[in-house]
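S.K.: My structure is in protein.pdb, and what it holds is PDB, C-alpha atoms, pLDDT in the B column:
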```
ATOM      1  CA  MET A   8     -13.346 -14.585  13.083  1.00 58.00           C
ATOM      2  CA  THR A   9     -13.409 -18.328  12.661  1.00 67.00           C
ATOM      3  CA  PRO A  10     -15.332 -20.347  10.084  1.00 68.00           C
ATOM      4  CA  GLU A  11     -17.175 -22.172  12.869  1.00 73.00           C
ATOM      5  CA  MET A  12     -19.236 -19.024  13.506  1.00 72.00           C
ATOM      6  CA  PHE A  13     -21.231 -19.613  10.346  1.00 73.00           C
ATOM      7  CA  PRO A  14     -23.708 -22.365   9.438  1.00 78.00           C
ATOM      8  CA  THR A  15     -22.403 -25.309   7.442  1.00 80.00           C
ATOM      9  CA  LYS A  16     -24.154 -24.196   4.256  1.00 82.00           C
ATOM     10  CA  ASP A  17     -22.555 -20.750   4.423  1.00 80.00           C
ATOM     11  CA  ARG A  18     -19.124 -22.161   5.279  1.00 84.00           C
ATOM     12  CA  GLY A  19     -19.268 -24.397   2.209  1.00 86.00           C
ATOM     13  CA  THR A  20     -20.320 -21.507  -0.008  1.00 87.00           C
ATOM     14  CA  GLY A  21     -17.558 -19.282   1.373  1.00 85.00           C
ATOM     15  CA  THR A  22     -14.939 -21.975   0.896  1.00 88.00           C
ATOM     16  CA  GLY A  23     -16.091 -22.553  -2.669  1.00 90.00           C
ATOM     17  CA  LEU A  24     -16.007 -18.845  -3.495  1.00 90.00           C
ATOM     18  CA  ALA A  25     -12.540 -18.478  -1.991  1.00 89.00           C
ATOM     19  CA  ALA A  26     -11.263 -21.478  -3.959  1.00 93.00           C
ATOM     20  CA  THR A  27     -12.765 -20.085  -7.172  1.00 94.00           C
ATOM     21  CA  ALA A  28     -11.190 -16.666  -6.616  1.00 90.00           C
ATOM     22  CA  ASN A  29      -7.877 -18.353  -5.853  1.00 91.00           C
ATOM     23  CA  ARG A  30      -7.911 -20.166  -9.178  1.00 94.00           C
ATOM     24  CA  ILE A  31      -9.025 -17.130 -11.180  1.00 92.00           C
ATOM     25  CA  PHE A  32      -6.407 -14.810  -9.698  1.00 86.00           C
ATOM     26  CA  GLY A  33      -3.792 -17.551  -9.908  1.00 89.00           C
ATOM     27  CA  VAL A  34      -4.375 -17.671 -13.669  1.00 91.00           C
ATOM     28  CA  MET A  35      -4.381 -13.866 -13.912  1.00 85.00           C
ATOM     29  CA  SER A  36      -1.152 -13.292 -11.977  1.00 83.00           C
ATOM     30  CA  PRO A  37       1.248 -14.324 -14.788  1.00 84.00           C
ATOM     31  CA  ILE A  38      -0.670 -12.058 -17.165  1.00 81.00           C
ATOM     32  CA  VAL A  39      -0.325  -9.119 -14.780  1.00 75.00           C
ATOM     33  CA  ALA A  40       3.371  -9.894 -14.313  1.00 76.00           C
ATOM     34  CA  LEU A  41       3.814 -10.048 -18.087  1.00 79.00           C
ATOM     35  CA  TYR A  42       2.426  -6.537 -18.567  1.00 73.00           C
ATOM     36  CA  ALA A  43       4.020  -5.059 -15.471  1.00 70.00           C
ATOM     37  CA  ASP A  44       7.324  -3.335 -15.758  1.00 69.00           C
ATOM     38  CA  LEU A  45       9.406  -1.504 -13.190  1.00 66.00           C
ATOM     39  CA  THR A  46       8.447   1.931 -14.479  1.00 75.00           C
ATOM     40  CA  THR A  47       4.718   1.723 -13.733  1.00 75.00           C
ATOM     41  CA  PRO A  48       3.223   1.266 -10.245  1.00 80.00           C
ATOM     42  CA  ILE A  49      -0.243   0.251 -11.515  1.00 78.00           C
ATOM     43  CA  PRO A  50      -0.054  -3.440 -10.433  1.00 75.00           C
ATOM     44  CA  ILE A  51       0.812  -2.279  -6.913  1.00 80.00           C
ATOM     45  CA  TYR A  52      -2.204   0.053  -6.863  1.00 86.00           C
ATOM     46  CA  VAL A  53      -4.516  -2.661  -8.202  1.00 83.00           C
ATOM     47  CA  SER A  54      -3.310  -5.152  -5.599  1.00 83.00           C
ATOM     48  CA  GLY A  55      -3.621  -2.564  -2.844  1.00 89.00           C
ATOM     49  CA  GLY A  56      -7.150  -1.724  -3.948  1.00 92.00           C
ATOM     50  CA  LEU A  57      -8.127  -5.381  -3.869  1.00 87.00           C
ATOM     51  CA  PHE A  58      -6.687  -5.795  -0.363  1.00 90.00           C
ATOM     52  CA  ILE A  59      -8.483  -2.707   0.915  1.00 94.00           C
ATOM     53  CA  GLY A  60     -11.736  -3.869  -0.688  1.00 92.00           C
ATOM     54  CA  ALA A  61     -11.382  -7.272   0.947  1.00 87.00           C
ATOM     55  CA  GLY A  62     -10.758  -5.582   4.293  1.00 88.00           C
ATOM     56  CA  PHE A  63     -13.928  -3.499   4.011  1.00 91.00           C
ATOM     57  CA  LEU A  64     -15.870  -6.601   3.013  1.00 85.00           C
ATOM     58  CA  ALA A  65     -14.608  -8.403   6.117  1.00 81.00           C
ATOM     59  CA  LEU A  66     -15.709  -5.472   8.277  1.00 83.00           C
ATOM     60  CA  ILE A  67     -19.335  -5.705   7.135  1.00 84.00           C
ATOM     61  CA  LEU A  68     -19.653  -9.419   7.839  1.00 75.00           C
ATOM     62  CA  PRO A  69     -21.968 -10.265  10.734  1.00 68.00           C
ATOM     63  CA  PHE A  70     -20.402 -11.304  14.034  1.00 67.00           C
ATOM     64  CA  GLU A  71     -23.159 -13.509  15.387  1.00 65.00           C
ATOM     65  CA  THR A  72     -25.366 -15.740  13.249  1.00 63.00           C
ATOM     66  CA  ARG A  73     -27.217 -17.630  15.971  1.00 67.00           C
ATOM     67  CA  GLY A  74     -30.960 -17.278  15.564  1.00 69.00           C
ATOM     68  CA  LYS A  75     -30.735 -15.670  12.137  1.00 69.00           C
ATOM     69  CA  ALA A  76     -31.850 -17.226   8.867  1.00 67.00           C
ATOM     70  CA  SER A  77     -29.130 -18.042   6.369  1.00 62.00           C
ATOM     71  CA  LEU A  78     -29.280 -16.637   2.859  1.00 62.00           C
TER
END
```
Would you mind giving the structure from this file in structure tokens?
M.R.:
Amino acid sequence: MTPEMFPTKDRGTGTGLAATANRIFGVMSPIVALYADLTTPIPIYVSGGLFIGAGFLALILPFETRGKASL
């Protein structure tokens, strides 16, 4: 999938949401690393869950937007 598939308004919204998530999780990562130790696998499970959730979200995105109204 390429960003050019979506209308300009939706591309801007998607870019803004991705940038916001990047900043939020960038601030959270040192906190997670602070509480993580080598005896607990919970940060690995949380990260894996987020990746799987993002993959499912990408699967439900529409493939063709031509002729459809944007949100």
S.K.: Rank nothing, just name the residue among A:Met12, A:Ala61, A:Ile67, A:Thr47 nearest to Ala25 of chain A, using all atoms listed in the file.
M.R.: A:Ala61
S.K.: Let me make sure I understand: among A:Asp17, A:Ser54, A:Leu24, A:Gly60, which one has the smallest atom-to-atom distance to Val39 of chain A if we use all atoms listed in the file?
M.R.: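 That would be A:Ser54, the residue with the smallest distance to Val39 of chain A.
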S.K.: Atom CA of Val34 of chain A and atom CA of Ile51 of chain A are how many Å apart?
M.R.: 17.6 Å
S.K.: Separation of atom CA of Gly55 of chain A and atom CA of Ala26 of chain A, in Å?
M.R.: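 Computing the Euclidean distance for atom CA of Gly55 of chain A and atom CA of Ala26 of chain A yields 20.4 Å.
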S.K.: Have a look at atom CA of Val53 of chain A and atom CA of Arg18 of chain A and let me know their distance in Å, one decimal.
M.R.: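 Atom-to-atom, atom CA of Val53 of chain A and atom CA of Arg18 of chain A are spaced 27.8 Å apart.
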S.K.: Using all atoms listed in the file, which of A:Ala28, A:Thr15, A:Leu64, A:Met35 sits nearest Pro50 of chain A?
M.R.: A:Met35
S.K.: Kindly complete segment 28-60 of chain A to N, CA and C atoms; the output should be written as a short mmCIF file (atom, residue, chain, number, x, y, z; two decimals), in the frame of the given file.
M.R.:
```cif
data_model
loop_
_atom_site.label_atom_id
_atom_site.label_comp_id
_atom_site.auth_asym_id
_atom_site.auth_seq_id
_atom_site.Cartn_x
_atom_site.Cartn_y
_atom_site.Cartn_z
N ALA A 28 -11.98 -17.89 -6.47
CA ALA A 28 -11.19 -16.67 -6.62
C ALA A 28 -9.70 -16.98 -6.66
N ASN A 29 -9.28 -17.95 -5.86
CA ASN A 29 -7.88 -18.35 -5.85
C ASN A 29 -7.45 -18.85 -7.23
N ARG A 30 -8.26 -19.65 -7.84
CA ARG A 30 -7.91 -20.17 -9.18
C ARG A 30 -7.93 -19.07 -10.24
N ILE A 31 -8.93 -18.20 -10.18
CA ILE A 31 -9.02 -17.13 -11.18
C ILE A 31 -7.82 -16.19 -11.08
N PHE A 32 -7.52 -15.74 -9.86
CA PHE A 32 -6.41 -14.81 -9.70
C PHE A 32 -5.06 -15.51 -9.88
N GLY A 33 -5.01 -16.81 -9.63
CA GLY A 33 -3.79 -17.55 -9.91
C GLY A 33 -3.50 -17.62 -11.40
N VAL A 34 -4.55 -17.69 -12.22
CA VAL A 34 -4.38 -17.67 -13.67
C VAL A 34 -4.03 -16.26 -14.15
N MET A 35 -4.61 -15.25 -13.49
CA MET A 35 -4.38 -13.87 -13.91
C MET A 35 -3.01 -13.33 -13.51
N SER A 36 -2.40 -13.87 -12.47
CA SER A 36 -1.15 -13.29 -11.98
C SER A 36 -0.01 -13.33 -12.99
N PRO A 37 0.19 -14.40 -13.77
CA PRO A 37 1.25 -14.32 -14.79
C PRO A 37 0.96 -13.29 -15.87
N ILE A 38 -0.32 -13.06 -16.16
CA ILE A 38 -0.67 -12.06 -17.16
C ILE A 38 -0.34 -10.67 -16.65
N VAL A 39 -0.66 -10.41 -15.38
CA VAL A 39 -0.32 -9.12 -14.78
C VAL A 39 1.19 -8.94 -14.74
N ALA A 40 1.91 -9.98 -14.37
CA ALA A 40 3.37 -9.89 -14.31
C ALA A 40 3.96 -9.68 -15.70
N LEU A 41 3.33 -10.22 -16.72
CA LEU A 41 3.81 -10.05 -18.09
C LEU A 41 3.72 -8.58 -18.51
N TYR A 42 2.63 -7.92 -18.16
CA TYR A 42 2.43 -6.54 -18.57
C TYR A 42 3.03 -5.53 -17.60
N ALA A 43 3.44 -5.98 -16.45
CA ALA A 43 4.02 -5.06 -15.47
C ALA A 43 5.49 -4.84 -15.80
N ASP A 44 5.91 -3.63 -15.66
CA ASP A 44 7.32 -3.34 -15.76
C ASP A 44 7.70 -2.47 -14.55
N LEU A 45 8.95 -2.21 -14.39
CA LEU A 45 9.41 -1.50 -13.19
C LEU A 45 9.15 -0.01 -13.24
N THR A 46 8.69 0.50 -14.37
CA THR A 46 8.45 1.93 -14.48
C THR A 46 7.02 2.32 -14.14
N THR A 47 6.11 1.40 -14.04
CA THR A 47 4.72 1.72 -13.73
C THR A 47 4.29 1.07 -12.42
N PRO A 48 3.65 1.83 -11.53
CA PRO A 48 3.22 1.27 -10.24
C PRO A 48 1.78 0.74 -10.26
N ILE A 49 1.17 0.62 -11.43
CA ILE A 49 -0.24 0.25 -11.52
C ILE A 49 -0.54 -1.11 -10.89
N PRO A 50 0.26 -2.17 -11.10
CA PRO A 50 -0.05 -3.44 -10.43
C PRO A 50 -0.05 -3.34 -8.91
N ILE A 51 0.80 -2.49 -8.36
CA ILE A 51 0.81 -2.28 -6.91
C ILE A 51 -0.49 -1.62 -6.47
N TYR A 52 -0.96 -0.63 -7.21
CA TYR A 52 -2.20 0.05 -6.86
C TYR A 52 -3.40 -0.89 -6.99
N VAL A 53 -3.41 -1.71 -8.02
CA VAL A 53 -4.52 -2.66 -8.20
C VAL A 53 -4.53 -3.67 -7.05
N SER A 54 -3.39 -4.20 -6.71
CA SER A 54 -3.31 -5.15 -5.60
C SER A 54 -3.72 -4.49 -4.29
N GLY A 55 -3.25 -3.28 -4.05
CA GLY A 55 -3.62 -2.56 -2.84
C GLY A 55 -5.11 -2.30 -2.77
N GLY A 56 -5.70 -1.95 -3.90
CA GLY A 56 -7.15 -1.72 -3.95
C GLY A 56 -7.94 -2.99 -3.64
N LEU A 57 -7.46 -4.11 -4.16
CA LEU A 57 -8.13 -5.38 -3.87
C LEU A 57 -8.02 -5.75 -2.39
N PHE A 58 -6.86 -5.50 -1.79
CA PHE A 58 -6.69 -5.80 -0.36
C PHE A 58 -7.57 -4.90 0.50
N ILE A 59 -7.64 -3.63 0.16
CA ILE A 59 -8.48 -2.71 0.92
C ILE A 59 -9.96 -3.08 0.76
N GLY A 60 -10.36 -3.43 -0.46
CA GLY A 60 -11.74 -3.87 -0.69
C GLY A 60 -12.08 -5.12 0.10
#
```
